[in-house]
$ cat my_file_15.cif   # mmCIF, C-alpha atoms
data_work
#
loop_
_atom_site.label_atom_id
_atom_site.label_comp_id
_atom_site.auth_asym_id
_atom_site.auth_seq_id
_atom_site.Cartn_x
_atom_site.Cartn_y
_atom_site.Cartn_z
CA MET A 865 20.70 -14.61 18.80
CA ALA A 866 17.95 -12.41 17.44
CA LYS A 867 16.64 -13.35 14.02
CA LYS A 868 17.64 -11.08 11.16
CA ALA A 869 15.40 -9.79 8.37
CA LEU A 870 16.26 -7.85 5.23
CA VAL A 871 13.76 -5.40 3.73
CA VAL A 872 14.64 -4.11 0.27
CA LEU A 873 13.31 -0.69 -0.75
CA ALA A 874 13.16 0.28 -4.40
CA GLU A 875 11.90 3.59 -5.80
CA GLY A 876 8.10 3.40 -5.70
CA PHE A 877 7.82 1.00 -2.73
CA GLU A 878 4.50 1.10 -0.87
CA GLU A 879 5.27 2.93 2.36
CA ILE A 880 2.78 1.26 4.74
CA GLU A 881 3.77 -2.18 3.44
CA ALA A 882 7.46 -1.49 4.09
CA VAL A 883 7.29 0.42 7.37
CA THR A 884 4.83 -1.90 9.13
CA PRO A 885 6.97 -5.07 9.11
CA ILE A 886 10.17 -3.11 9.93
CA ASP A 887 8.46 -1.50 12.93
CA ILE A 888 6.70 -4.65 14.16
CA LEU A 889 9.80 -6.88 13.92
CA ARG A 890 11.99 -4.30 15.66
CA ARG A 891 9.42 -4.03 18.47
CA ALA A 892 10.13 -7.69 19.20
CA GLY A 893 13.89 -7.10 19.21
CA LEU A 894 14.62 -8.66 15.83
CA GLU A 895 17.38 -7.20 13.70
CA VAL A 896 15.94 -5.59 10.58
CA ILE A 897 18.21 -4.26 7.86
CA VAL A 898 16.53 -1.75 5.58
CA ALA A 899 18.47 -1.74 2.32
CA GLY A 900 17.96 0.61 -0.60
CA LEU A 901 18.14 -1.11 -3.98
CA THR A 902 20.34 1.56 -5.55
CA GLY A 903 20.81 4.30 -2.94
CA ARG A 904 20.04 5.16 0.65
CA LEU A 905 17.32 7.77 0.11
CA VAL A 906 14.37 5.95 -1.44
CA LYS A 907 11.10 7.59 -2.46
CA GLY A 908 7.94 5.55 -1.98
CA SER A 909 4.77 5.34 -4.07
CA ARG A 910 3.20 8.21 -2.10
CA ALA A 911 6.37 10.32 -2.15
CA ILE A 912 7.45 9.53 1.40
CA ILE A 913 11.23 9.37 1.45
CA VAL A 914 12.87 6.81 3.71
CA GLN A 915 16.57 6.78 4.42
CA ALA A 916 17.63 3.14 4.27
CA ASP A 917 20.22 1.81 6.75
CA LYS A 918 22.38 0.44 3.93
CA ILE A 919 22.53 0.03 0.20
CA LEU A 920 21.83 -3.50 -0.98
CA ASP A 921 25.40 -4.00 -2.24
CA ASP A 922 26.69 -3.65 1.33
CA VAL A 923 24.59 -6.53 2.68
CA ILE A 924 24.01 -8.75 -0.34
CA ASN A 925 26.34 -11.47 0.97
CA ASP A 926 25.12 -11.39 4.57
CA ASP A 927 22.98 -14.16 6.05
CA PHE A 928 19.33 -13.42 6.76
CA ASP A 929 16.48 -15.40 8.26
CA ALA A 930 13.91 -13.58 6.15
CA LEU A 931 13.72 -11.48 3.01
CA ILE A 932 10.80 -9.06 2.99
CA LEU A 933 9.59 -7.46 -0.25
CA PRO A 934 7.05 -4.64 -0.08
CA GLY A 935 4.70 -3.88 -2.96
CA GLY A 936 3.81 -0.72 -4.77
CA SER A 937 3.67 -1.56 -8.45
CA MET A 938 6.68 0.56 -9.49
CA GLY A 939 8.66 -0.59 -6.47
CA ALA A 940 7.91 -4.25 -7.23
CA LYS A 941 8.78 -3.70 -10.90
CA HIS A 942 12.19 -2.34 -9.90
CA LEU A 943 12.78 -5.29 -7.56
CA ALA A 944 11.73 -7.69 -10.32
CA GLU A 945 14.21 -6.22 -12.78
CA SER A 946 17.16 -6.41 -10.39
CA ASP A 947 19.68 -9.23 -10.81
CA LYS A 948 20.72 -8.67 -7.20
CA VAL A 949 17.20 -9.32 -5.97
CA THR A 950 16.98 -12.42 -8.18
CA SER A 951 20.19 -13.67 -6.60
CA LEU A 952 18.89 -12.87 -3.08
CA ILE A 953 15.68 -14.80 -3.76
CA ARG A 954 17.63 -17.76 -5.13
CA ASN A 955 19.82 -17.86 -2.00
CA VAL A 956 16.86 -17.56 0.35
CA MET A 957 15.11 -20.44 -1.42
CA LEU A 958 18.25 -22.60 -1.48
CA LYS A 959 18.76 -22.10 2.24
CA GLY A 960 15.07 -22.58 3.05
CA LYS A 961 14.85 -19.17 4.71
CA ILE A 962 11.64 -17.12 4.86
CA ILE A 963 10.53 -15.03 1.91
CA ALA A 964 7.68 -12.61 2.53
CA ALA A 965 6.05 -10.54 -0.21
CA ILE A 966 2.97 -8.33 -0.23
CA CYS A 967 0.69 -6.58 -2.73
CA ALA A 968 2.31 -6.41 -6.17
CA ALA A 969 5.47 -8.26 -5.06
CA PRO A 970 4.16 -11.85 -5.20
CA ALA A 971 2.90 -11.44 -8.80
CA LEU A 972 5.63 -9.17 -10.14
CA VAL A 973 8.72 -10.30 -8.24
CA LEU A 974 8.24 -13.88 -7.00
CA TYR A 975 6.02 -15.42 -9.67
CA PRO A 976 8.31 -14.76 -12.66
CA LYS A 977 11.20 -16.48 -10.81
CA GLY A 978 9.14 -19.69 -10.75
CA ILE A 979 9.31 -20.09 -6.99
CA LEU A 980 5.53 -19.95 -6.43
CA LYS A 981 4.89 -23.08 -8.52
CA GLY A 982 2.35 -25.29 -6.73
CA ARG A 983 2.26 -22.97 -3.73
CA SER A 984 -0.72 -21.43 -1.97
CA VAL A 985 -0.32 -17.68 -2.36
CA THR A 986 -2.15 -14.38 -2.34
CA GLY A 987 -1.40 -10.88 -3.57
CA PHE A 988 -2.98 -7.66 -4.78
CA PRO A 989 -6.08 -8.53 -6.81
CA GLY A 990 -6.14 -8.16 -10.58
CA ILE A 991 -2.46 -8.26 -11.49
CA GLY A 992 -2.28 -11.77 -12.86
CA LEU A 993 -1.75 -14.15 -9.98
CA GLU A 994 -5.41 -15.24 -9.88
CA SER A 995 -5.27 -16.60 -13.41
CA ALA A 996 -1.88 -18.32 -13.04
CA LYS A 997 -2.59 -22.04 -13.46
CA ASP A 998 0.51 -23.19 -11.58
CA VAL A 999 -0.24 -21.55 -8.22
CA LYS A 1000 -3.05 -22.04 -5.68
CA TYR A 1001 -4.42 -18.51 -5.42
CA LYS A 1002 -6.21 -17.62 -2.19
CA THR A 1003 -8.11 -14.52 -1.15
CA ASP A 1004 -7.02 -14.77 2.50
CA ARG A 1005 -5.33 -11.64 3.88
CA VAL A 1006 -2.13 -13.57 4.60
CA VAL A 1007 -1.16 -16.95 3.16
CA ILE A 1008 1.69 -19.04 4.55
CA ASP A 1009 2.93 -22.00 2.52
CA GLY A 1010 6.17 -23.43 3.87
CA ASN A 1011 8.77 -20.69 3.77
CA ILE A 1012 6.71 -18.35 1.58
CA ILE A 1013 4.46 -15.74 3.20
CA THR A 1014 2.28 -13.60 0.93
CA SER A 1015 -0.26 -10.88 1.61
CA ARG A 1016 -2.60 -8.54 -0.27
CA GLY A 1017 -2.06 -4.81 0.16
CA ALA A 1018 -1.36 -1.81 2.38
CA GLY A 1019 -4.45 -2.60 4.46
CA THR A 1020 -3.20 -6.10 5.26
CA SER A 1021 0.30 -4.95 6.27
CA MET A 1022 -0.27 -5.39 9.99
CA GLU A 1023 -1.44 -9.01 9.62
CA PHE A 1024 1.47 -9.60 7.21
CA ALA A 1025 3.99 -8.18 9.70
CA LEU A 1026 2.56 -10.16 12.61
CA ALA A 1027 2.61 -13.37 10.54
CA ILE A 1028 6.30 -12.84 9.70
CA LEU A 1029 7.01 -12.14 13.36
CA GLU A 1030 5.21 -15.30 14.47
CA ILE A 1031 7.14 -17.44 11.98
CA LEU A 1032 10.49 -15.91 13.03
CA THR A 1033 9.73 -16.14 16.77
CA ASP A 1034 6.60 -17.76 18.19
CA ALA A 1035 2.87 -17.19 18.68
CA LYS A 1036 3.34 -15.76 22.17
CA THR A 1037 5.78 -13.07 20.98
CA ALA A 1038 3.52 -12.12 18.06
CA LYS A 1039 0.48 -11.94 20.37
CA LYS A 1040 2.39 -9.70 22.78
CA VAL A 1041 3.34 -7.23 20.03
CA LYS A 1042 -0.18 -7.38 18.54
CA GLU A 1043 -1.66 -6.41 21.89
CA ALA A 1044 0.97 -3.72 22.52
CA VAL A 1045 0.07 -1.92 19.28
CA LEU A 1046 -3.68 -2.51 19.74
CA ALA A 1047 -3.94 -4.35 16.40
CA MET B 659 -9.01 22.74 -4.27
CA ALA B 660 -7.64 19.70 -2.53
CA LYS B 661 -7.64 19.82 1.24
CA LYS B 662 -4.26 20.27 2.90
CA ALA B 663 -2.92 18.42 5.93
CA LEU B 664 0.22 18.98 7.98
CA VAL B 665 1.97 16.06 9.68
CA VAL B 666 4.69 17.02 12.16
CA LEU B 667 7.50 14.53 12.76
CA ALA B 668 9.64 14.80 15.87
CA GLU B 669 12.54 12.52 16.80
CA GLY B 670 10.96 9.34 18.21
CA PHE B 671 7.69 9.52 16.20
CA GLU B 672 5.89 6.20 15.76
CA GLU B 673 6.51 5.26 12.14
CA ILE B 674 3.29 3.35 11.33
CA GLU B 675 1.21 6.10 12.94
CA ALA B 676 2.88 8.78 10.80
CA VAL B 677 3.22 6.97 7.49
CA THR B 678 -0.30 5.54 7.37
CA PRO B 679 -2.24 8.85 7.33
CA ILE B 680 0.29 10.48 4.94
CA ASP B 681 -0.07 7.56 2.51
CA ILE B 682 -3.87 7.24 2.80
CA LEU B 683 -4.57 10.98 2.38
CA ARG B 684 -2.21 11.24 -0.61
CA ARG B 685 -3.96 8.26 -2.23
CA ALA B 686 -7.12 10.41 -2.30
CA GLY B 687 -5.24 13.34 -3.85
CA LEU B 688 -5.04 15.47 -0.73
CA GLU B 689 -2.00 17.64 -0.19
CA VAL B 690 0.03 16.40 2.77
CA ILE B 691 3.01 18.36 4.04
CA VAL B 692 5.39 16.29 6.13
CA ALA B 693 7.33 18.70 8.32
CA GLY B 694 10.24 17.85 10.59
CA LEU B 695 10.11 19.62 13.94
CA THR B 696 13.78 20.61 13.90
CA GLY B 697 15.29 19.12 10.74
CA ARG B 698 14.40 17.21 7.62
CA LEU B 699 15.85 13.80 8.51
CA VAL B 700 13.82 12.50 11.42
CA LYS B 701 14.41 9.18 13.18
CA GLY B 702 11.35 7.33 14.42
CA SER B 703 10.79 5.23 17.52
CA ARG B 704 11.94 2.08 15.68
CA ALA B 705 14.91 3.80 14.04
CA ILE B 706 13.28 4.26 10.64
CA ILE B 707 14.50 7.56 9.22
CA VAL B 708 12.05 9.62 7.17
CA GLN B 709 13.11 12.63 5.15
CA ALA B 710 10.45 15.26 5.74
CA ASP B 711 9.33 17.51 2.87
CA LYS B 712 10.01 20.64 4.91
CA ILE B 713 11.10 21.84 8.29
CA LEU B 714 8.28 23.17 10.44
CA ASP B 715 9.62 26.74 10.35
CA ASP B 716 9.04 26.84 6.58
CA VAL B 717 5.32 26.08 6.85
CA ILE B 718 4.35 27.32 10.29
CA ASN B 719 2.38 30.26 8.89
CA ASP B 720 0.65 28.32 6.10
CA ASP B 721 -3.03 27.46 6.21
CA PHE B 722 -3.99 23.84 6.76
CA ASP B 723 -7.27 21.98 6.97
CA ALA B 724 -5.86 19.44 9.38
CA LEU B 725 -2.96 19.03 11.78
CA ILE B 726 -1.94 15.41 12.32
CA LEU B 727 0.20 14.40 15.30
CA PRO B 728 1.62 10.87 15.44
CA GLY B 729 2.50 9.19 18.72
CA GLY B 730 5.55 7.39 19.93
CA SER B 731 6.16 8.52 23.49
CA MET B 732 9.44 10.34 22.80
CA GLY B 733 8.05 11.87 19.61
CA ALA B 734 4.95 13.10 21.44
CA LYS B 735 7.10 14.44 24.28
CA HIS B 736 9.13 16.49 21.78
CA LEU B 737 5.95 17.81 20.15
CA ALA B 738 4.56 18.69 23.58
CA GLU B 739 7.64 20.70 24.51
CA SER B 740 7.66 22.74 21.31
CA ASP B 741 6.32 26.30 21.40
CA LYS B 742 5.81 26.08 17.65
CA VAL B 743 3.52 23.09 18.02
CA THR B 744 1.63 24.88 20.81
CA SER B 745 1.13 27.82 18.49
CA LEU B 746 0.02 25.53 15.64
CA ILE B 747 -2.53 23.83 17.89
CA ARG B 748 -3.83 27.20 19.10
CA ASN B 749 -4.30 28.38 15.51
CA VAL B 750 -6.00 25.16 14.42
CA MET B 751 -8.42 25.42 17.34
CA LEU B 752 -9.11 29.13 16.73
CA LYS B 753 -9.89 28.46 13.08
CA GLY B 754 -11.95 25.34 13.86
CA LYS B 755 -9.75 23.17 11.66
CA ILE B 756 -9.21 19.46 12.25
CA ILE B 757 -6.73 18.22 14.79
CA ALA B 758 -5.93 14.52 14.74
CA ALA B 759 -3.74 12.80 17.32
CA ILE B 760 -2.95 9.16 17.97
CA CYS B 761 -1.35 6.97 20.66
CA ALA B 762 0.68 9.08 23.10
CA ALA B 763 -0.16 12.37 21.35
CA PRO B 764 -3.65 12.97 22.82
CA ALA B 765 -2.41 12.55 26.42
CA LEU B 766 1.03 14.14 26.07
CA VAL B 767 0.46 16.85 23.46
CA LEU B 768 -3.22 17.82 23.39
CA TYR B 769 -4.36 17.27 26.97
CA PRO B 770 -1.84 19.61 28.64
CA LYS B 771 -2.94 22.44 26.31
CA GLY B 772 -6.45 22.18 27.79
CA ILE B 773 -8.15 21.62 24.44
CA LEU B 774 -9.59 18.21 25.32
CA LYS B 775 -11.72 19.60 28.17
CA GLY B 776 -15.21 18.04 28.04
CA ARG B 777 -14.39 16.19 24.83
CA SER B 778 -14.81 12.52 23.99
CA VAL B 779 -11.32 11.20 23.32
CA THR B 780 -9.18 8.10 23.21
CA GLY B 781 -5.46 7.39 23.21
CA PHE B 782 -2.85 4.82 24.12
CA PRO B 783 -3.94 3.05 27.32
CA GLY B 784 -2.24 3.73 30.63
CA ILE B 785 -0.64 7.12 30.12
CA GLY B 786 -3.06 9.23 32.11
CA LEU B 787 -5.98 10.12 29.88
CA GLU B 788 -8.29 7.48 31.40
CA SER B 789 -8.05 9.06 34.83
CA ALA B 790 -8.43 12.67 33.65
CA LYS B 791 -11.71 13.90 35.17
CA ASP B 792 -12.26 16.64 32.58
CA VAL B 793 -12.39 14.43 29.45
CA LYS B 794 -14.79 11.69 28.35
CA TYR B 795 -12.37 8.82 27.80
CA LYS B 796 -13.48 6.11 25.36
CA THR B 797 -11.91 2.80 24.41
CA ASP B 798 -13.10 2.99 20.78
CA ARG B 799 -10.33 2.65 18.18
CA VAL B 800 -11.09 6.11 16.78
CA VAL B 801 -13.08 8.86 18.50
CA ILE B 802 -14.35 11.94 16.70
CA ASP B 803 -15.66 14.85 18.73
CA GLY B 804 -16.22 17.95 16.67
CA ASN B 805 -12.89 18.94 15.12
CA ILE B 806 -10.84 16.59 17.31
CA ILE B 807 -10.01 13.07 16.09
CA THR B 808 -8.14 10.74 18.44
CA SER B 809 -7.00 7.16 18.13
CA ARG B 810 -5.15 4.52 20.14
CA GLY B 811 -1.93 3.12 18.68
CA ALA B 812 0.05 1.81 15.72
CA GLY B 813 -2.52 -0.95 15.20
CA THR B 814 -5.36 1.56 14.84
CA SER B 815 -3.48 3.77 12.36
CA MET B 816 -5.47 2.62 9.32
CA GLU B 817 -8.84 3.40 10.96
CA PHE B 818 -7.38 6.72 12.17
CA ALA B 819 -6.18 7.62 8.65
CA LEU B 820 -9.49 6.65 7.04
CA ALA B 821 -11.43 8.66 9.64
CA ILE B 822 -9.32 11.77 8.89
CA LEU B 823 -9.84 11.19 5.16
CA GLU B 824 -13.61 10.87 5.58
CA ILE B 825 -13.80 14.11 7.60
CA LEU B 826 -11.68 15.99 5.05
CA THR B 827 -13.54 14.57 2.03
CA ASP B 828 -16.60 12.33 2.31
CA ALA B 829 -17.65 8.76 3.13
CA LYS B 830 -17.57 7.69 -0.51
CA THR B 831 -13.94 8.78 -0.99
CA ALA B 832 -12.86 7.10 2.25
CA LYS B 833 -14.67 3.89 1.27
CA LYS B 834 -12.99 3.89 -2.13
CA VAL B 835 -9.50 4.19 -0.60
CA LYS B 836 -10.34 1.62 2.10
CA GLU B 837 -11.31 -0.88 -0.59
CA ALA B 838 -8.29 -0.05 -2.76
CA VAL B 839 -5.87 -0.90 0.06
CA LEU B 840 -7.91 -3.93 1.20
CA ALA B 841 -8.31 -2.51 4.70
#

$ encode --input "my_file_15.cif" --output "structure tokens"
Amino acid sequence: MAKKALVVLAEGFEEIEAVTPIDILRRAGLEVIVAGLTGRLVKGSRAIIVQADKILDDVINDDFDALILPGGSMGAKHLAESDKVTSLIRNVMLKGKIIAAICAAPALVLYPKGILKGRSVTGFPGIGLESAKDVKYKTDRVVIDGNIITSRGAGTSMEFALAILEILTDAKTAKKVKEAVLA
Amino acid sequence: MAKKALVVLAEGFEEIEAVTPIDILRRAGLEVIVAGLTGRLVKGSRAIIVQADKILDDVINDDFDALILPGGSMGAKHLAESDKVTSLIRNVMLKGKIIAAICAAPALVLYPKGILKGRSVTGFPGIGLESAKDVKYKTDRVVIDGNIITSRGAGTSMEFALAILEILTDAKTAKKVKEAVLA
């Protein structure tokens, strides 16, 4: 059965960071559920409005192989403040599923939950993760440490998406999609 | 006054190719109008639904500094079949404004209108542009020839967007945005 990923969109999400993994994973035939945090029409950081497939409430108890959190500082702030997202992250960690966060999301959403402790991570520069003593901060464009995948910003979205795809499938599938999109 | 760009979304548009230039140009403060070809809710090639700002009819007579056409083979086919898009392209060419097309759009939308004659261009491989005797086909990721900017696929969207931005503003502005997104 195809692997299943959940992407949560909150008002202020970074559009490239959200759309790239959805697109890339669907190209490989994976099931991607795009869920709006509070409603179906969600406005991004650059005012692009995406109509989510579902609202988060409708899928919160479903099983997923990966939870994907885009950045955008306001979007990440909204995700960070949501009890539902906290509960999703807790479940993903308990089940050892994949959690993938980019840009502001590692620092603002994942770090405060304590799940990055001792992990190699990256994120958007200058929002606190570099100075956190309990993580191993890297400047690589994508960092994979166990089940946690982190990346840096809109310009690293393609590498981020392909890394998630490779973890959920295999190197051959990721290479095929990479070549098909000329990345 | 900020430069103004029009992005036309047709059912089947490639999401990364559309969202990346909209996002990147708006980051630099440019005005970007996202217009749906026939309606405001437009479903992309990977089933991501974007709510356009306008429908094309509402803005067809406005002045723009650039017309941006995303790919996705079905999306490009719909653009190619539209008399409104033909008229837009004719006006952009007459006024010497920028026309930017990526992936399937150069071959399916621009080439049949005859505007690529003698021009250096690129596009998604294998859909006919390589064998066209009246264009200078390149395999570069972005090709700029006068007012026509072409690019290859979803994976070249960031370079495509930054090239459009540089043409509409300047190298310094494009470099600043490139660095801000870590591209």

$ calpha_fit_and_write --input "my_file_15.cif" --fixed "chain B" --moving "chain A" --output "tab-separated table (two decimals) with C-alpha atoms, in the coordinates of the input"
chain	number	residue	atom	x	y	z
A	865	MET	CA	-9.03	22.74	-4.26
A	866	ALA	CA	-7.64	19.69	-2.53
A	867	LYS	CA	-7.63	19.81	1.25
A	868	LYS	CA	-4.26	20.28	2.91
A	869	ALA	CA	-2.92	18.42	5.95
A	870	LEU	CA	0.22	18.98	7.98
A	871	VAL	CA	1.97	16.06	9.69
A	872	VAL	CA	4.69	17.02	12.16
A	873	LEU	CA	7.51	14.53	12.77
A	874	ALA	CA	9.65	14.81	15.87
A	875	GLU	CA	12.54	12.52	16.82
A	876	GLY	CA	10.96	9.34	18.20
A	877	PHE	CA	7.70	9.52	16.20
A	878	GLU	CA	5.88	6.21	15.76
A	879	GLU	CA	6.51	5.26	12.14
A	880	ILE	CA	3.29	3.35	11.33
A	881	GLU	CA	1.20	6.10	12.94
A	882	ALA	CA	2.88	8.78	10.81
A	883	VAL	CA	3.22	6.97	7.48
A	884	THR	CA	-0.31	5.55	7.37
A	885	PRO	CA	-2.23	8.85	7.33
A	886	ILE	CA	0.29	10.48	4.94
A	887	ASP	CA	-0.08	7.57	2.51
A	888	ILE	CA	-3.87	7.24	2.81
A	889	LEU	CA	-4.56	10.98	2.38
A	890	ARG	CA	-2.21	11.24	-0.60
A	891	ARG	CA	-3.97	8.27	-2.22
A	892	ALA	CA	-7.11	10.41	-2.28
A	893	GLY	CA	-5.25	13.34	-3.84
A	894	LEU	CA	-5.04	15.48	-0.72
A	895	GLU	CA	-2.00	17.65	-0.18
A	896	VAL	CA	0.03	16.40	2.77
A	897	ILE	CA	3.01	18.36	4.05
A	898	VAL	CA	5.39	16.29	6.13
A	899	ALA	CA	7.33	18.70	8.33
A	900	GLY	CA	10.25	17.86	10.58
A	901	LEU	CA	10.11	19.60	13.95
A	902	THR	CA	13.78	20.60	13.91
A	903	GLY	CA	15.31	19.12	10.74
A	904	ARG	CA	14.41	17.22	7.61
A	905	LEU	CA	15.85	13.81	8.50
A	906	VAL	CA	13.81	12.50	11.43
A	907	LYS	CA	14.41	9.19	13.18
A	908	GLY	CA	11.34	7.33	14.41
A	909	SER	CA	10.80	5.21	17.53
A	910	ARG	CA	11.93	2.07	15.67
A	911	ALA	CA	14.90	3.81	14.03
A	912	ILE	CA	13.29	4.26	10.63
A	913	ILE	CA	14.50	7.55	9.21
A	914	VAL	CA	12.07	9.61	7.17
A	915	GLN	CA	13.12	12.62	5.15
A	916	ALA	CA	10.45	15.25	5.74
A	917	ASP	CA	9.33	17.50	2.86
A	918	LYS	CA	10.00	20.65	4.90
A	919	ILE	CA	11.11	21.84	8.29
A	920	LEU	CA	8.29	23.16	10.44
A	921	ASP	CA	9.63	26.74	10.35
A	922	ASP	CA	9.06	26.84	6.58
A	923	VAL	CA	5.33	26.07	6.84
A	924	ILE	CA	4.36	27.32	10.29
A	925	ASN	CA	2.39	30.27	8.88
A	926	ASP	CA	0.67	28.35	6.09
A	927	ASP	CA	-3.03	27.47	6.21
A	928	PHE	CA	-3.99	23.84	6.77
A	929	ASP	CA	-7.27	21.98	6.96
A	930	ALA	CA	-5.86	19.43	9.39
A	931	LEU	CA	-2.96	19.03	11.78
A	932	ILE	CA	-1.95	15.41	12.32
A	933	LEU	CA	0.19	14.40	15.31
A	934	PRO	CA	1.61	10.87	15.44
A	935	GLY	CA	2.49	9.19	18.73
A	936	GLY	CA	5.54	7.38	19.94
A	937	SER	CA	6.16	8.52	23.49
A	938	MET	CA	9.45	10.34	22.80
A	939	GLY	CA	8.05	11.86	19.62
A	940	ALA	CA	4.94	13.10	21.44
A	941	LYS	CA	7.11	14.45	24.27
A	942	HIS	CA	9.13	16.49	21.78
A	943	LEU	CA	5.95	17.82	20.15
A	944	ALA	CA	4.56	18.69	23.59
A	945	GLU	CA	7.63	20.69	24.52
A	946	SER	CA	7.64	22.74	21.31
A	947	ASP	CA	6.31	26.30	21.41
A	948	LYS	CA	5.81	26.08	17.65
A	949	VAL	CA	3.52	23.10	18.02
A	950	THR	CA	1.62	24.87	20.81
A	951	SER	CA	1.13	27.82	18.49
A	952	LEU	CA	0.02	25.51	15.63
A	953	ILE	CA	-2.54	23.84	17.90
A	954	ARG	CA	-3.84	27.20	19.09
A	955	ASN	CA	-4.31	28.38	15.49
A	956	VAL	CA	-6.01	25.17	14.42
A	957	MET	CA	-8.43	25.43	17.34
A	958	LEU	CA	-9.11	29.13	16.73
A	959	LYS	CA	-9.90	28.46	13.08
A	960	GLY	CA	-11.95	25.35	13.85
A	961	LYS	CA	-9.75	23.18	11.64
A	962	ILE	CA	-9.22	19.45	12.23
A	963	ILE	CA	-6.73	18.22	14.80
A	964	ALA	CA	-5.93	14.52	14.74
A	965	ALA	CA	-3.73	12.80	17.32
A	966	ILE	CA	-2.96	9.15	17.97
A	967	CYS	CA	-1.35	6.97	20.66
A	968	ALA	CA	0.67	9.08	23.10
A	969	ALA	CA	-0.18	12.38	21.35
A	970	PRO	CA	-3.66	12.97	22.81
A	971	ALA	CA	-2.42	12.55	26.42
A	972	LEU	CA	1.01	14.13	26.06
A	973	VAL	CA	0.46	16.85	23.47
A	974	LEU	CA	-3.24	17.82	23.38
A	975	TYR	CA	-4.35	17.27	26.97
A	976	PRO	CA	-1.84	19.61	28.63
A	977	LYS	CA	-2.95	22.45	26.29
A	978	GLY	CA	-6.46	22.17	27.77
A	979	ILE	CA	-8.15	21.62	24.43
A	980	LEU	CA	-9.61	18.20	25.31
A	981	LYS	CA	-11.73	19.60	28.16
A	982	GLY	CA	-15.20	18.05	28.03
A	983	ARG	CA	-14.39	16.19	24.83
A	984	SER	CA	-14.81	12.52	24.00
A	985	VAL	CA	-11.32	11.20	23.32
A	986	THR	CA	-9.18	8.10	23.21
A	987	GLY	CA	-5.46	7.39	23.21
A	988	PHE	CA	-2.84	4.83	24.13
A	989	PRO	CA	-3.94	3.06	27.31
A	990	GLY	CA	-2.23	3.72	30.63
A	991	ILE	CA	-0.64	7.12	30.09
A	992	GLY	CA	-3.05	9.23	32.08
A	993	LEU	CA	-5.97	10.12	29.86
A	994	GLU	CA	-8.27	7.48	31.40
A	995	SER	CA	-8.05	9.06	34.83
A	996	ALA	CA	-8.43	12.67	33.63
A	997	LYS	CA	-11.70	13.90	35.15
A	998	ASP	CA	-12.26	16.64	32.57
A	999	VAL	CA	-12.40	14.44	29.45
A	1000	LYS	CA	-14.79	11.68	28.35
A	1001	TYR	CA	-12.37	8.81	27.79
A	1002	LYS	CA	-13.47	6.11	25.36
A	1003	THR	CA	-11.91	2.80	24.41
A	1004	ASP	CA	-13.10	2.99	20.79
A	1005	ARG	CA	-10.33	2.65	18.18
A	1006	VAL	CA	-11.09	6.11	16.79
A	1007	VAL	CA	-13.08	8.85	18.51
A	1008	ILE	CA	-14.35	11.93	16.69
A	1009	ASP	CA	-15.66	14.84	18.74
A	1010	GLY	CA	-16.21	17.96	16.65
A	1011	ASN	CA	-12.90	18.92	15.12
A	1012	ILE	CA	-10.82	16.59	17.31
A	1013	ILE	CA	-10.02	13.07	16.08
A	1014	THR	CA	-8.14	10.75	18.43
A	1015	SER	CA	-6.99	7.15	18.14
A	1016	ARG	CA	-5.14	4.50	20.15
A	1017	GLY	CA	-1.93	3.13	18.68
A	1018	ALA	CA	0.05	1.80	15.72
A	1019	GLY	CA	-2.52	-0.95	15.20
A	1020	THR	CA	-5.36	1.56	14.84
A	1021	SER	CA	-3.48	3.77	12.35
A	1022	MET	CA	-5.46	2.62	9.33
A	1023	GLU	CA	-8.84	3.40	10.96
A	1024	PHE	CA	-7.38	6.72	12.16
A	1025	ALA	CA	-6.19	7.62	8.65
A	1026	LEU	CA	-9.49	6.64	7.05
A	1027	ALA	CA	-11.43	8.67	9.64
A	1028	ILE	CA	-9.32	11.77	8.88
A	1029	LEU	CA	-9.84	11.19	5.17
A	1030	GLU	CA	-13.61	10.86	5.59
A	1031	ILE	CA	-13.80	14.09	7.61
A	1032	LEU	CA	-11.67	15.99	5.05
A	1033	THR	CA	-13.55	14.57	2.03
A	1034	ASP	CA	-16.60	12.33	2.32
A	1035	ALA	CA	-17.65	8.76	3.14
A	1036	LYS	CA	-17.57	7.68	-0.50
A	1037	THR	CA	-13.94	8.79	-0.98
A	1038	ALA	CA	-12.86	7.10	2.26
A	1039	LYS	CA	-14.68	3.88	1.29
A	1040	LYS	CA	-12.98	3.90	-2.12
A	1041	VAL	CA	-9.49	4.20	-0.59
A	1042	LYS	CA	-10.34	1.62	2.10
A	1043	GLU	CA	-11.31	-0.88	-0.58
A	1044	ALA	CA	-8.29	-0.04	-2.76
A	1045	VAL	CA	-5.87	-0.88	0.06
A	1046	LEU	CA	-7.91	-3.92	1.19
A	1047	ALA	CA	-8.32	-2.50	4.72

$ closest_residue --input "my_file_15.cif" --among "A:Val1006, A:Ile991, A:Ile963, A:Val883" --to "Val898 of chain A" --atoms "all atoms listed in the file"
A:Val883

$ resolve_selection --input "my_file_15.cif" --expression "the PyMOL selection byres ((chain A) within 7 of (chain B))" --output "ChimeraX atom specification"
/A:879-880,883-884,887,890,910,913-915,1017-1020,1045-1047

$ resolve_selection --input "my_file_15.cif" --expression "the PyMOL selection byres ((chain B and resi 821-830) around 8)" --output "ChimeraX atom specification"
/B:661,679,682-683,686,723,758,800,807,817-820,831-834

$ residues_around --input "my_file_15.cif" --residues "Lys753 of chain B" --least-positions-apart "5" --cutoff "10 Å" --atoms "all atoms listed in the file" --output "MDAnalysis selection string"
chainID B and resid 721:723 747:748

$ residues_around --input "my_file_15.cif" --residues "Arg777 of chain B" --least-positions-apart "5" --cutoff "8 Å" --atoms "only C-alpha atoms" --output "PDB file with C-alpha atoms, in the coordinates of the input"
ATOM      1  CA  VAL B 793     -12.390  14.430  29.450  1.00  0.00           C
ATOM      2  CA  LYS B 794     -14.790  11.690  28.350  1.00  0.00           C
ATOM      3  CA  ASP B 803     -15.660  14.850  18.730  1.00  0.00           C
TER       4      ASP B 803
END
